Each structure stands twice: as structure tokens, then as C-alpha cells.
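Chemist: The following block contains the structure, expressed as C-alpha cells.
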Amino acid sequence: MIEQWIKEVKQRANPEELGMILIHNGLVRATSKEGRKIKGMDLSYDKTKLETLVSGYNRKEGVIAIRAWINEGRLNIGDDIMYVLVAGHFRKNVLPVFEALISGIKKDVVTEDEF
């Protein structure tokens, strides 16, 4: 999936405008944020909220492309939670969008229950 996203972005983008592609791969850890041991998580997400979030950030200056995929269901330690790609012109355009998008997904889009 990631390789395909990169290929598509490079094919569609103006090479004079594309200077950076950032990728995030979130994984299920063996401990919760509070440090307690977990076996995994049940994850769901709001597709409409994800589309709205991506659409909003995609309009930011210097951003050329955004892709996001979120895994859904019962996830075990080491499973992929999400992939996020943000491509754009300069680091100053891409990095803040990348960080804000991932934070927004975690805060407003996904629902997780650890087990």
C-alpha cells in the first residue's frame, strides 16, 4: 500500500513542487499510554470524520497529497493501526500538517478499547 501511494503521488505531482513525502505507520504496542500491559485493542473509526479531516488538511498551502488508512477490528500486539502519508513542497508546509493530521486522527477519528 505505502509503495503504491508513493508511486501515485510521484506520478501525479509536479516534480517542481514535490520536495517531501512523510509516512507514518502506527502499531499496537504491548503497553498502554499509562504503561499497563495489554494484549491488543478493538479499533473502529468514523469514516466521515476522517474524510473531512483529510480534505481540510489537503487544502493547506504547500500540501500536494494526503493518504490515510486505518485498520479496524480486533488488533494484536504488532498489528498496524494506521498508515498516513503527507506529501508537499517544503518541510515547513509538510511537517505541521503531518503532525496535526495524526493527532487529529487519534483524538477525533478513532475509537479504541484495549484488552
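Residues in the C-alpha cells are named by chain (A, B, ... in the order shown) and by number from 1 within that chain; ligands are numbered from 1 in the order shown.
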Give the strand (DSSP E) residues of region 10-98 of chain A, as DSSP finds them on the backbone, and put them as an NGL selection string.
Modeler: :A and (20-27 or 40-45 or 63-70 or 73-76 or 80-88)
Chemist: Applying 10 Å and only C-alpha atoms, which residues near region 30-47 of chain A remain after dropping the ones on its own chain fewer than 5 positions away? List them as a ChimeraX atom specification.
Modeler: /A:52-53,70-79,81,105-106,108-115
Chemist: At a cut-off of 12 Å, using only C-alpha atoms, what residues contact Pro96 (chain A)? Leave out same-chain residues fewer than 3 positions from it and give the result as a ChimeraX atom specification.
Modeler: /A:22,57,60-63,86-88,90-93,99-104
Chemist: Which residues in region 33-112 of chain A does DSSP call alpha helix (DSSP H)? List them as a PyMOL selection string.
Modeler: chain A and resi 47-58+91-104
Chemist: May I ask for the distance between CA of Leu27 (chain A) and CA of Ala68 (chain A), given in Å to one decimal place?
Modeler: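 Going from CA of Leu27 (chain A) over to CA of Ala68 (chain A), I get 14.3 Å.
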Chemist: Select, from A:Leu95, A:Ile66, A:Leu18, A:Ile23, the residue with the minimum atom-to-atom distance to Ile2 (chain A), counting only C-alpha atoms.
Modeler: A:Ile23
Chemist: Which distance in Å separates CA of Val54 (chain A) and CA of Met20 (chain A), to one decimal?
Modeler: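 Going from CA of Val54 (chain A) over to CA of Met20 (chain A), I get 17.6 Å.
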